[in-house]
>>> print(open('target-v8.tsv').read())   # TSV, C-alpha atoms and all ligand atoms
chain	number	residue	atom	x	y	z
A	10	MET	CA	-24.25	15.37	-81.99
A	11	PRO	CA	-20.75	16.42	-81.01
A	12	ILE	CA	-19.45	19.90	-80.37
A	13	ALA	CA	-16.26	20.48	-82.26
A	14	PHE	CA	-13.76	23.14	-83.23
A	15	GLU	CA	-11.80	22.51	-86.40
A	16	GLN	CA	-8.77	24.68	-87.04
A	17	VAL	CA	-10.46	27.68	-85.45
A	18	SER	CA	-8.58	30.95	-85.15
A	19	HIS	CA	-9.97	34.21	-83.86
A	20	ILE	CA	-8.51	37.62	-84.53
A	21	TYR	CA	-9.97	40.68	-82.82
A	22	SER	CA	-10.07	43.94	-84.78
A	23	ASP	CA	-8.42	42.43	-87.82
A	24	GLY	CA	-7.21	44.98	-90.33
A	25	THR	CA	-6.80	47.69	-87.69
A	26	PRO	CA	-3.79	48.74	-85.62
A	27	PHE	CA	-5.53	46.95	-82.70
A	28	ARG	CA	-5.41	43.54	-84.39
A	29	TYR	CA	-5.01	40.80	-81.81
A	30	GLN	CA	-5.03	37.08	-82.40
A	31	ALA	CA	-6.68	35.41	-79.43
A	32	LEU	CA	-7.12	31.85	-80.76
A	33	TYR	CA	-4.75	29.82	-82.91
A	34	ASP	CA	-5.87	26.75	-84.91
A	35	ILE	CA	-8.05	25.24	-82.23
A	36	ASP	CA	-8.99	21.59	-82.71
A	37	LEU	CA	-11.28	20.41	-79.98
A	38	ASN	CA	-14.02	17.83	-79.48
A	39	LEU	CA	-16.34	18.27	-76.53
A	40	LYS	CA	-18.38	15.39	-75.23
A	41	GLU	CA	-22.12	15.79	-75.10
A	42	GLY	CA	-23.80	15.12	-71.80
A	43	LYS	CA	-20.65	15.91	-69.82
A	44	ILE	CA	-19.43	18.79	-67.69
A	45	THR	CA	-16.25	20.18	-69.19
A	46	ALA	CA	-14.06	22.68	-67.37
A	47	VAL	CA	-12.12	25.23	-69.39
A	48	ILE	CA	-9.13	26.44	-67.41
A	49	GLY	CA	-6.03	28.51	-68.10
A	50	GLN	CA	-4.46	31.78	-67.13
A	51	THR	CA	-6.20	35.11	-67.62
A	52	GLY	CA	-5.86	36.15	-71.23
A	53	SER	CA	-5.34	32.60	-72.49
A	54	GLY	CA	-8.48	32.76	-74.64
A	55	LYS	CA	-11.11	30.94	-72.56
A	56	SER	CA	-13.86	33.52	-72.98
A	57	THR	CA	-13.05	33.98	-76.65
A	58	LEU	CA	-13.26	30.23	-77.16
A	59	VAL	CA	-16.61	29.69	-75.47
A	60	GLN	CA	-18.26	32.68	-77.14
A	61	HIS	CA	-17.91	30.84	-80.44
A	62	LEU	CA	-20.38	28.23	-79.26
A	63	ASN	CA	-23.42	30.42	-79.80
A	64	ALA	CA	-21.86	32.44	-82.60
A	65	LEU	CA	-21.48	35.52	-80.45
A	66	LEU	CA	-18.00	35.52	-81.91
A	67	LEU	CA	-17.36	34.06	-85.34
A	68	PRO	CA	-14.21	32.21	-86.34
A	69	SER	CA	-11.71	34.21	-88.38
A	70	SER	CA	-10.79	30.88	-89.92
A	71	GLY	CA	-11.95	27.33	-89.35
A	72	THR	CA	-15.30	25.81	-88.41
A	73	VAL	CA	-17.31	25.29	-85.24
A	74	TYR	CA	-19.86	22.47	-85.07
A	75	VAL	CA	-22.45	22.70	-82.35
A	76	LEU	CA	-25.55	20.49	-82.10
A	77	ASP	CA	-26.58	20.23	-85.76
A	78	ARG	CA	-25.21	23.61	-86.79
A	79	LYS	CA	-22.07	24.53	-88.64
A	80	ILE	CA	-20.49	27.93	-88.04
A	81	GLU	CA	-17.94	28.59	-90.70
A	82	ALA	CA	-15.47	31.44	-91.10
A	83	GLY	CA	-16.49	33.90	-93.77
A	84	THR	CA	-20.15	32.89	-93.88
A	85	ARG	CA	-23.14	34.30	-92.07
A	86	PRO	CA	-24.39	31.68	-89.59
A	87	LYS	CA	-27.90	30.43	-90.30
A	88	GLY	CA	-30.58	30.00	-87.65
A	89	LEU	CA	-28.84	32.27	-85.20
A	90	LYS	CA	-31.92	32.80	-83.07
A	91	SER	CA	-32.53	29.10	-82.51
A	92	LEU	CA	-28.82	28.54	-81.89
A	93	ARG	CA	-28.89	31.14	-79.12
A	94	LYS	CA	-31.85	29.34	-77.61
A	95	ASP	CA	-30.20	25.92	-77.75
A	96	VAL	CA	-26.81	27.10	-76.52
A	97	GLY	CA	-27.31	29.22	-73.42
A	98	LEU	CA	-24.34	31.45	-72.68
A	99	VAL	CA	-23.97	32.94	-69.22
A	100	PHE	CA	-21.41	35.74	-69.15
A	101	GLN	CA	-19.16	36.66	-66.28
A	102	PHE	CA	-21.18	38.72	-63.79
A	103	PRO	CA	-24.49	38.13	-65.60
A	104	GLU	CA	-26.31	40.03	-62.86
A	105	TYR	CA	-25.20	43.29	-64.52
A	106	GLN	CA	-27.51	42.41	-67.38
A	107	LEU	CA	-30.72	42.25	-65.41
A	108	PHE	CA	-32.84	45.10	-66.69
A	109	GLU	CA	-36.56	44.47	-66.24
A	110	GLU	CA	-38.69	45.90	-63.43
A	111	THR	CA	-39.45	42.52	-61.89
A	112	VAL	CA	-37.68	39.22	-61.48
A	113	LEU	CA	-40.46	37.43	-63.35
A	114	LYS	CA	-40.30	39.81	-66.30
A	115	ASP	CA	-36.58	39.40	-66.52
A	116	VAL	CA	-36.67	35.62	-66.55
A	117	SER	CA	-39.62	35.58	-68.98
A	118	PHE	CA	-37.87	37.84	-71.45
A	119	GLY	CA	-36.07	35.05	-73.29
A	120	PRO	CA	-38.98	32.65	-73.79
A	121	LYS	CA	-41.27	35.54	-74.84
A	122	ASN	CA	-38.67	36.65	-77.32
A	123	PHE	CA	-38.87	33.18	-78.81
A	124	GLY	CA	-42.62	33.42	-79.22
A	125	VAL	CA	-43.82	31.66	-76.07
A	126	SER	CA	-47.12	33.09	-74.75
A	127	GLU	CA	-47.06	35.40	-71.72
A	128	GLU	CA	-48.77	32.76	-69.62
A	129	ASP	CA	-46.46	29.89	-70.58
A	130	ALA	CA	-43.39	32.09	-70.19
A	131	ALA	CA	-44.49	33.01	-66.66
A	132	LYS	CA	-45.11	29.36	-65.83
A	133	LYS	CA	-41.72	28.34	-67.16
A	134	SER	CA	-40.07	31.23	-65.32
A	135	LEU	CA	-41.51	30.24	-61.97
A	136	GLU	CA	-40.33	26.70	-62.61
A	137	VAL	CA	-36.72	27.71	-63.32
A	138	LEU	CA	-36.67	30.22	-60.46
A	139	LYS	CA	-37.50	27.34	-58.16
A	140	LEU	CA	-34.81	25.24	-59.82
A	141	VAL	CA	-32.13	27.85	-59.11
A	142	GLY	CA	-33.33	28.22	-55.52
A	143	ILE	CA	-35.22	31.51	-55.74
A	144	ASP	CA	-38.53	31.45	-53.91
A	145	PRO	CA	-41.50	32.32	-56.16
A	146	SER	CA	-42.39	35.07	-53.68
A	147	TYR	CA	-39.53	37.06	-55.22
A	148	ALA	CA	-41.14	36.98	-58.67
A	149	GLU	CA	-42.79	40.38	-58.43
A	150	ARG	CA	-39.86	42.11	-56.76
A	151	SER	CA	-37.35	44.30	-58.48
A	152	PRO	CA	-34.06	42.54	-59.24
A	153	LEU	CA	-32.40	45.53	-57.54
A	154	GLU	CA	-33.74	44.34	-54.19
A	155	LEU	CA	-31.88	41.03	-54.36
A	156	SER	CA	-28.48	40.10	-52.98
A	157	GLY	CA	-25.57	39.58	-55.38
A	158	GLY	CA	-25.89	35.79	-55.28
A	159	GLN	CA	-29.65	35.94	-55.81
A	160	LYS	CA	-29.23	38.28	-58.77
A	161	ARG	CA	-26.84	35.85	-60.35
A	162	ARG	CA	-29.32	33.01	-59.87
A	163	VAL	CA	-32.03	35.07	-61.52
A	164	ALA	CA	-29.72	35.81	-64.45
A	165	ILE	CA	-28.99	32.10	-64.84
A	166	ALA	CA	-32.71	31.33	-64.57
A	167	GLY	CA	-33.24	33.68	-67.52
A	168	ILE	CA	-31.01	31.45	-69.64
A	169	LEU	CA	-32.51	28.21	-68.30
A	170	ALA	CA	-36.00	29.48	-69.13
A	171	MET	CA	-35.14	28.98	-72.80
A	172	ASP	CA	-34.37	25.34	-72.07
A	173	PRO	CA	-30.98	25.22	-73.79
A	174	SER	CA	-29.45	21.79	-74.30
A	175	VAL	CA	-25.94	23.21	-74.01
A	176	LEU	CA	-25.11	25.56	-71.16
A	177	VAL	CA	-21.93	27.63	-71.29
A	178	LEU	CA	-20.92	29.38	-68.07
A	179	ASP	CA	-18.06	31.86	-68.00
A	180	GLU	CA	-16.70	31.99	-64.44
A	181	PRO	CA	-20.14	31.49	-62.91
A	182	THR	CA	-18.98	31.49	-59.30
A	183	ALA	CA	-16.58	34.45	-59.43
A	184	GLY	CA	-17.22	36.65	-56.41
A	185	LEU	CA	-19.66	34.29	-54.70
A	186	ASP	CA	-19.10	33.24	-51.09
A	187	PRO	CA	-18.05	29.60	-50.44
A	188	GLN	CA	-21.58	28.42	-49.65
A	189	GLY	CA	-23.00	30.22	-52.69
A	190	THR	CA	-20.31	28.62	-54.81
A	191	ILE	CA	-21.13	25.10	-53.63
A	192	GLU	CA	-24.86	25.61	-54.19
A	193	MET	CA	-24.21	26.96	-57.68
A	194	MET	CA	-21.97	24.02	-58.60
A	195	LYS	CA	-24.53	21.56	-57.24
A	196	LEU	CA	-27.14	23.19	-59.41
A	197	PHE	CA	-24.99	22.70	-62.52
A	198	LYS	CA	-24.39	19.08	-61.56
A	199	ARG	CA	-28.14	18.54	-61.27
A	200	LEU	CA	-28.81	20.20	-64.59
A	201	ASN	CA	-26.28	17.83	-66.09
A	202	GLN	CA	-27.38	14.63	-64.37
A	203	GLU	CA	-31.13	15.08	-64.18
A	204	MET	CA	-31.79	17.21	-67.24
A	205	HIS	CA	-28.91	15.88	-69.34
A	206	LYS	CA	-27.54	19.25	-70.26
A	207	THR	CA	-24.10	19.47	-71.76
A	208	ILE	CA	-22.19	21.99	-69.65
A	209	LEU	CA	-19.06	24.00	-70.20
A	210	ILE	CA	-17.65	25.92	-67.27
A	211	VAL	CA	-14.82	28.41	-67.45
A	212	THR	CA	-13.20	28.42	-64.02
A	213	HIS	CA	-10.05	29.06	-62.05
A	214	ASP	CA	-11.13	26.87	-59.17
A	215	MET	CA	-9.48	23.45	-59.19
A	216	GLU	CA	-11.70	22.17	-56.37
A	217	GLN	CA	-14.66	22.74	-58.69
A	218	VAL	CA	-12.92	21.00	-61.55
A	219	TYR	CA	-12.13	18.01	-59.37
A	220	ASN	CA	-15.47	17.74	-57.58
A	221	TYR	CA	-17.95	18.52	-60.32
A	222	CYS	CA	-16.44	18.20	-63.79
A	223	ASP	CA	-15.80	15.22	-66.07
A	224	GLU	CA	-13.34	16.66	-68.55
A	225	VAL	CA	-10.81	19.45	-68.50
A	226	VAL	CA	-9.51	21.63	-71.33
A	227	VAL	CA	-6.41	23.70	-70.59
A	228	MET	CA	-5.92	26.88	-72.64
A	229	GLU	CA	-2.55	28.55	-72.99
A	230	HIS	CA	-1.69	31.56	-75.17
A	231	GLY	CA	-4.71	31.02	-77.42
A	232	LYS	CA	-4.10	27.32	-77.92
A	233	VAL	CA	-5.47	24.14	-76.42
A	234	LYS	CA	-2.61	22.86	-74.34
A	235	LEU	CA	-4.33	19.75	-73.08
A	236	GLN	CA	-7.65	17.92	-72.91
A	237	GLN	CA	-8.13	15.12	-70.43
A	238	GLY	CA	-10.57	13.34	-68.13
A	239	VAL	CA	-10.52	15.03	-64.73
A	240	ASP	CA	-9.29	11.99	-62.77
A	241	GLU	CA	-6.51	11.41	-65.26
A	242	PHE	CA	-5.62	15.11	-65.17
A	243	PHE	CA	-5.18	15.23	-61.39
A	244	SER	CA	-3.33	11.93	-61.20
A	245	HIS	CA	-0.21	13.54	-62.67
A	246	PRO	CA	1.12	16.02	-60.08
A	247	GLU	CA	4.16	16.81	-62.25
A	248	GLN	CA	1.92	17.77	-65.16
A	249	CYS	CA	0.00	20.18	-62.92
A	250	ILE	CA	3.25	21.80	-61.79
A	251	GLU	CA	4.35	22.21	-65.40
A	252	LEU	CA	1.02	23.86	-66.22
A	253	HIS	CA	1.27	26.15	-63.15
A	254	ILE	CA	-1.85	24.58	-61.69
A	255	LEU	CA	-2.25	24.05	-57.97
A	256	PRO	CA	-4.23	20.81	-57.53
A	257	PRO	CA	-7.06	20.64	-54.95
A	258	ASP	CA	-6.00	20.24	-51.29
A	259	ILE	CA	-7.16	16.65	-51.15
A	260	ILE	CA	-4.96	15.70	-54.11
A	261	ARG	CA	-1.92	17.42	-52.62
A	262	MET	CA	-2.56	15.75	-49.30
A	263	LYS	CA	-2.81	12.33	-50.98
A	264	THR	CA	0.47	12.92	-52.81
A	265	MET	CA	2.24	13.92	-49.59
A	266	LEU	CA	0.90	10.92	-47.66
A	267	ARG	CA	1.95	8.54	-50.43
A	268	GLU	CA	5.42	10.01	-50.27
A	269	LYS	CA	5.43	9.20	-46.54
A	270	GLY	CA	4.60	5.58	-47.27
A	271	PHE	CA	0.83	5.49	-46.79
A	272	LYS	CA	-1.23	3.47	-49.24
A	273	ILE	CA	-3.90	5.81	-50.55
A	274	GLY	CA	-6.25	4.42	-53.20
A	275	ASP	CA	-7.41	6.47	-56.18
A	276	GLU	CA	-11.03	6.02	-55.07
A	277	ILE	CA	-10.45	8.30	-52.08
A	278	ARG	CA	-11.94	11.66	-53.04
A	279	ASP	CA	-12.78	13.47	-49.83
A	280	VAL	CA	-11.35	14.31	-46.42
A	281	GLN	CA	-13.60	11.86	-44.52
A	282	ALA	CA	-12.55	8.90	-46.63
A	283	LEU	CA	-8.91	9.97	-46.40
A	284	ALA	CA	-9.09	10.27	-42.59
A	285	LYS	CA	-10.59	6.78	-42.30
A	286	CYS	CA	-7.94	5.34	-44.58
A	287	ILE	CA	-5.09	6.88	-42.57
A	288	ALA	CA	-6.62	5.87	-39.22
A	289	ARG	CA	-6.86	2.26	-40.40
A	290	GLN	CA	-3.22	2.19	-41.42
A	291	VAL	CA	-2.00	3.91	-38.25
A	292	LYS	CA	-3.97	1.41	-36.11
A	293	HIS	CA	-2.39	-1.50	-37.93
A	294	GLY	CA	1.03	0.00	-37.46
A	301	LIG	N1	-12.80	42.60	-77.67
A	301	LIG	C1	-11.49	42.39	-77.68
A	301	LIG	N2	-10.66	43.11	-78.48
A	301	LIG	C2	-9.32	42.90	-78.50
A	301	LIG	N3	-8.70	41.97	-77.74
A	301	LIG	C3	-9.47	41.23	-76.92
A	301	LIG	C4	-10.88	41.41	-76.84
A	301	LIG	N4	-11.37	40.53	-75.93
A	301	LIG	C5	-10.30	39.85	-75.47
A	301	LIG	N5	-9.17	40.26	-76.06
A	301	LIG	C6	-7.80	39.76	-75.82
A	301	LIG	O1	-7.76	38.38	-76.22
A	301	LIG	C7	-7.02	37.62	-75.29
A	301	LIG	C8	-7.87	36.50	-74.74
A	301	LIG	O2	-8.91	37.06	-73.99
A	301	LIG	P1	-10.02	36.20	-73.27
A	301	LIG	O3	-10.61	35.25	-74.24
A	301	LIG	O4	-10.94	37.15	-72.60
A	301	LIG	O5	-9.15	35.40	-72.20
A	301	LIG	P2	-9.57	34.70	-70.82
A	301	LIG	O6	-11.04	34.54	-70.82
A	301	LIG	O7	-8.82	33.40	-70.82
A	301	LIG	O8	-9.07	35.59	-69.73
A	301	LIG	C9	-6.55	38.58	-74.20
A	301	LIG	O9	-5.22	38.97	-74.48
A	301	LIG	C10	-7.49	39.76	-74.34
A	301	LIG	O10	-6.86	40.96	-73.96
A	302	MG	MG	-12.46	35.28	-69.51
>>> encode(input="target-v8.tsv", output="structure tokens", more="lines below")
Ligand SMILES: Nc1ncnc2c1ncn2[C@@H]1O[C@H](COP(=O)(O)OP(=O)(O)O)[C@@H](O)[C@H]1O
Ligand SMILES: [Mg+2]
Amino acid sequence: MPIAFEQVSHIYSDGTPFRYQALYDIDLNLKEGKITAVIGQTGSGKSTLVQHLNALLLPSSGTVYVLDRKIEAGTRPKGLKSLRKDVGLVFQFPEYQLFEETVLKDVSFGPKNFGVSEEDAAKKSLEVLKLVGIDPSYAERSPLELSGGQKRRVAIAGILAMDPSVLVLDEPTAGLDPQGTIEMMKLFKRLNQEMHKTILIVTHDMEQVYNYCDEVVVMEHGKVKLQQGVDEFFSHPEQCIELHILPPDIIRMKTMLREKGFKIGDEIRDVQALAKCIARQVKHG
């Protein structure tokens, strides 16, 4: 079941002096089972776009198709509760939304809200806490006692506890340290590969796009400027320049070395492989 936007526009505060059109006639098809990165400058409409996927925002015109639901401008979406369960949306800085007295209660909130028994919700919560790398011994602690990165994991666990098949993450690694960022991205990759979740990540980090994502959608001034496979996207340095995107270091290094006459294959994706490749060519003159 595809995820699609058909001619979707979004206008904030329509009919008031604060009217602002944030999306213009978006046509977009997102592949199920993939990790798609949504990139673009601040204010380009990324958050507005992704909040349509669980009907948190409704189209001012056009239609959004997600799983087997249709969200159409001018109509009240049906089955909102089950949609919000199936499409998990993680906001920027989700840790600000932790509110229960204990970690376990916070993570269990979603499943319980959907009618799961206390016992099953607790079981599920411990399972997802483990998945996000939070030791079960934290379950009875207050979320306030956790570090920033741990809080964010707990917030994400709260969404995962509902077992969504689509996971939408709005700048999930903003403000995390480099190690925290890598662990978080690895988690999303596992959720995609082992649990077959369709994932959308809003990000500014091109290393993440290159290393973890399959597809990229570039937003510009409320429009989709481009949609491409990640490898294809980064194989056109001139296109990146035009879009004001700084490719990952490894890509820039490959481009420079090719300009100097080295033969660098497309399959080379990390520093180790690149070093080996250069050493071989230097040795052979
Ligand atoms: N609630 C709102 N009311 C009015 N304008 C908004 C609102 N939210 C966002 N905008 C405006 O819509 C545009 C797109 O915002 P947003 O989707 O948050 O962009 P991004 O996530 O790419 O930074 C921005 O110009 C922003 O100021
Ligand atoms: Mg945003």
>>> atom_distance(input="target-v8.tsv", atom1="atom C2 of ligand LIG 301 (chain A)", atom2="CA of Arg93 in chain A")
22.8 Å
>>> residues_near_point(input="target-v8.tsv", point="(-6.5, 11.8, -69.7)", cutoff="12 Å", atoms="only C-alpha atoms", output="ChimeraX atom specification")
/A:223-227,235-245,248
>>> residues_near_ligand(input="target-v8.tsv", ligand="ligand LIG 301 (chain A)", cutoff="12 Å", atoms="only C-alpha atoms and all ligand atoms", output="JSON, numbers by chain")
{"A": [18, 19, 20, 21, 22, 23, 25, 26, 27, 28, 29, 30, 31, 32, 33, 47, 48, 49, 50, 51, 52, 53, 54, 55, 56, 57, 58, 59, 60, 61, 65, 66, 100, 101, 178, 179, 180, 210, 211, 212, 213, 226, 227, 228, 229, 230, 231, 232, 233]}
>>> atom_distance(input="target-v8.tsv", atom1="CA of Leu185 in chain A", atom2="CA of Lys198 in chain A")
17.3 Å
>>> residues_around(input="target-v8.tsv", residues="Pro152 in chain A", least_positions_apart="2", cutoff="8 Å", atoms="all atoms listed in the file", output="list in words")
Leu107, Phe108, Glu109, Glu110, Thr111, Val112, Arg150, Glu154, Leu155 and Lys160 of chain A
>>> closest_residue(input="target-v8.tsv", among="A:Ala183, A:Asp144, A:Glu268, A:Val280", to="ligand MG 302 (chain A)", atoms="all atoms listed in the file")
A:Ala183
>>> decode(input="target-v8.tsv", residues="range 92-127 of chain A", atoms="N, CA and C atoms", output="mmCIF file, in the first residue's frame")
data_model
loop_
_atom_site.group_PDB
_atom_site.id
_atom_site.type_symbol
_atom_site.label_atom_id
_atom_site.label_comp_id
_atom_site.auth_asym_id
_atom_site.auth_seq_id
_atom_site.Cartn_x
_atom_site.Cartn_y
_atom_site.Cartn_z
ATOM 1 N N LEU A 92 -5.291 5.397 12.706
ATOM 2 C CA LEU A 92 -4.255 5.987 11.844
ATOM 3 C C LEU A 92 -3.058 6.429 12.691
ATOM 4 N N ARG A 93 -3.369 7.064 13.830
ATOM 5 C CA ARG A 93 -2.286 7.558 14.693
ATOM 6 C C ARG A 93 -1.497 6.414 15.325
ATOM 7 N N LYS A 94 -2.141 5.261 15.422
ATOM 8 C CA LYS A 94 -1.424 4.087 15.917
ATOM 9 C C LYS A 94 -0.516 3.532 14.816
ATOM 10 N N ASP A 95 -1.021 3.503 13.605
ATOM 11 C CA ASP A 95 -0.273 2.874 12.501
ATOM 12 C C ASP A 95 0.815 3.771 11.938
ATOM 13 N N VAL A 96 0.634 5.077 12.085
ATOM 14 C CA VAL A 96 1.659 6.015 11.620
ATOM 15 C C VAL A 96 2.180 6.753 12.850
ATOM 16 N N GLY A 97 3.323 6.318 13.330
ATOM 17 C CA GLY A 97 3.897 6.922 14.541
ATOM 18 C C GLY A 97 4.682 8.168 14.162
ATOM 19 N N LEU A 98 4.330 9.285 14.761
ATOM 20 C CA LEU A 98 5.014 10.542 14.454
ATOM 21 C C LEU A 98 5.834 10.983 15.666
ATOM 22 N N VAL A 99 7.118 11.121 15.454
ATOM 23 C CA VAL A 99 7.994 11.596 16.532
ATOM 24 C C VAL A 99 8.398 13.030 16.205
ATOM 25 N N PHE A 100 7.951 13.941 17.049
ATOM 26 C CA PHE A 100 8.245 15.366 16.841
ATOM 27 C C PHE A 100 9.712 15.681 17.095
ATOM 28 N N GLN A 101 10.092 16.887 16.713
ATOM 29 C CA GLN A 101 11.395 17.403 17.124
ATOM 30 C C GLN A 101 11.398 17.516 18.647
ATOM 31 N N PHE A 102 12.487 17.188 19.269
ATOM 32 C CA PHE A 102 12.612 17.233 20.726
ATOM 33 C C PHE A 102 11.426 16.570 21.448
ATOM 34 N N PRO A 103 11.194 15.294 21.146
ATOM 35 C CA PRO A 103 10.031 14.604 21.736
ATOM 36 C C PRO A 103 10.142 14.474 23.248
ATOM 37 N N GLU A 104 11.380 14.614 23.758
ATOM 38 C CA GLU A 104 11.568 14.449 25.206
ATOM 39 C C GLU A 104 10.792 15.498 26.000
ATOM 40 N N TYR A 105 10.454 16.621 25.381
ATOM 41 C CA TYR A 105 9.668 17.641 26.092
ATOM 42 C C TYR A 105 8.251 17.157 26.368
ATOM 43 N N GLN A 106 7.869 16.061 25.705
ATOM 44 C CA GLN A 106 6.494 15.595 25.877
ATOM 45 C C GLN A 106 6.353 14.446 26.855
ATOM 46 N N LEU A 107 7.455 14.080 27.492
ATOM 47 C CA LEU A 107 7.350 13.056 28.535
ATOM 48 C C LEU A 107 6.625 13.692 29.716
ATOM 49 N N PHE A 108 5.640 12.980 30.261
ATOM 50 C CA PHE A 108 4.876 13.646 31.325
ATOM 51 C C PHE A 108 4.492 12.740 32.481
ATOM 52 N N GLU A 109 4.699 11.421 32.328
ATOM 53 C CA GLU A 109 4.269 10.531 33.417
ATOM 54 C C GLU A 109 5.325 10.486 34.522
ATOM 55 N N GLU A 110 4.940 9.861 35.662
ATOM 56 C CA GLU A 110 5.878 9.821 36.799
ATOM 57 C C GLU A 110 7.022 8.844 36.555
ATOM 58 N N THR A 111 6.734 7.776 35.802
ATOM 59 C CA THR A 111 7.813 6.802 35.566
ATOM 60 C C THR A 111 7.965 6.555 34.068
ATOM 61 N N VAL A 112 9.152 6.069 33.739
ATOM 62 C CA VAL A 112 9.468 5.718 32.358
ATOM 63 C C VAL A 112 8.454 4.699 31.827
ATOM 64 N N LEU A 113 8.187 3.671 32.634
ATOM 65 C CA LEU A 113 7.273 2.618 32.196
ATOM 66 C C LEU A 113 5.879 3.175 31.903
ATOM 67 N N LYS A 114 5.407 4.042 32.799
ATOM 68 C CA LYS A 114 4.065 4.616 32.602
ATOM 69 C C LYS A 114 4.014 5.438 31.332
ATOM 70 N N ASP A 115 5.104 6.134 31.082
ATOM 71 C CA ASP A 115 5.124 6.980 29.891
ATOM 72 C C ASP A 115 5.053 6.147 28.623
ATOM 73 N N VAL A 116 5.864 5.104 28.585
ATOM 74 C CA VAL A 116 5.902 4.271 27.377
ATOM 75 C C VAL A 116 4.597 3.485 27.216
ATOM 76 N N SER A 117 3.991 3.100 28.345
ATOM 77 C CA SER A 117 2.746 2.322 28.297
ATOM 78 C C SER A 117 1.536 3.153 27.927
ATOM 79 N N PHE A 118 1.674 4.459 27.989
ATOM 80 C CA PHE A 118 0.509 5.332 27.801
ATOM 81 C C PHE A 118 -0.205 5.055 26.475
ATOM 82 N N GLY A 119 0.576 4.987 25.398
ATOM 83 C CA GLY A 119 -0.011 4.782 24.072
ATOM 84 C C GLY A 119 -0.793 3.489 23.961
ATOM 85 N N PRO A 120 -0.140 2.340 24.212
ATOM 86 C CA PRO A 120 -0.856 1.076 24.100
ATOM 87 C C PRO A 120 -2.107 1.035 24.980
ATOM 88 N N LYS A 121 -2.003 1.567 26.208
ATOM 89 C CA LYS A 121 -3.173 1.549 27.105
ATOM 90 C C LYS A 121 -4.309 2.382 26.528
ATOM 91 N N ASN A 122 -3.926 3.481 25.931
ATOM 92 C CA ASN A 122 -4.904 4.356 25.288
ATOM 93 C C ASN A 122 -5.636 3.636 24.151
ATOM 94 N N PHE A 123 -4.953 2.655 23.579
ATOM 95 C CA PHE A 123 -5.571 1.884 22.503
ATOM 96 C C PHE A 123 -6.207 0.597 23.014
ATOM 97 N N GLY A 124 -6.399 0.517 24.323
ATOM 98 C CA GLY A 124 -7.175 -0.576 24.883
ATOM 99 C C GLY A 124 -6.385 -1.821 25.254
ATOM 100 N N VAL A 125 -5.069 -1.743 25.213
ATOM 101 C CA VAL A 125 -4.255 -2.890 25.624
ATOM 102 C C VAL A 125 -4.268 -2.954 27.157
ATOM 103 N N SER A 126 -4.316 -4.185 27.712
ATOM 104 C CA SER A 126 -4.378 -4.324 29.174
ATOM 105 C C SER A 126 -3.084 -3.791 29.806
ATOM 106 N N GLU A 127 -3.201 -3.428 31.081
ATOM 107 C CA GLU A 127 -2.071 -2.886 31.846
ATOM 108 C C GLU A 127 -0.858 -3.811 31.736
#
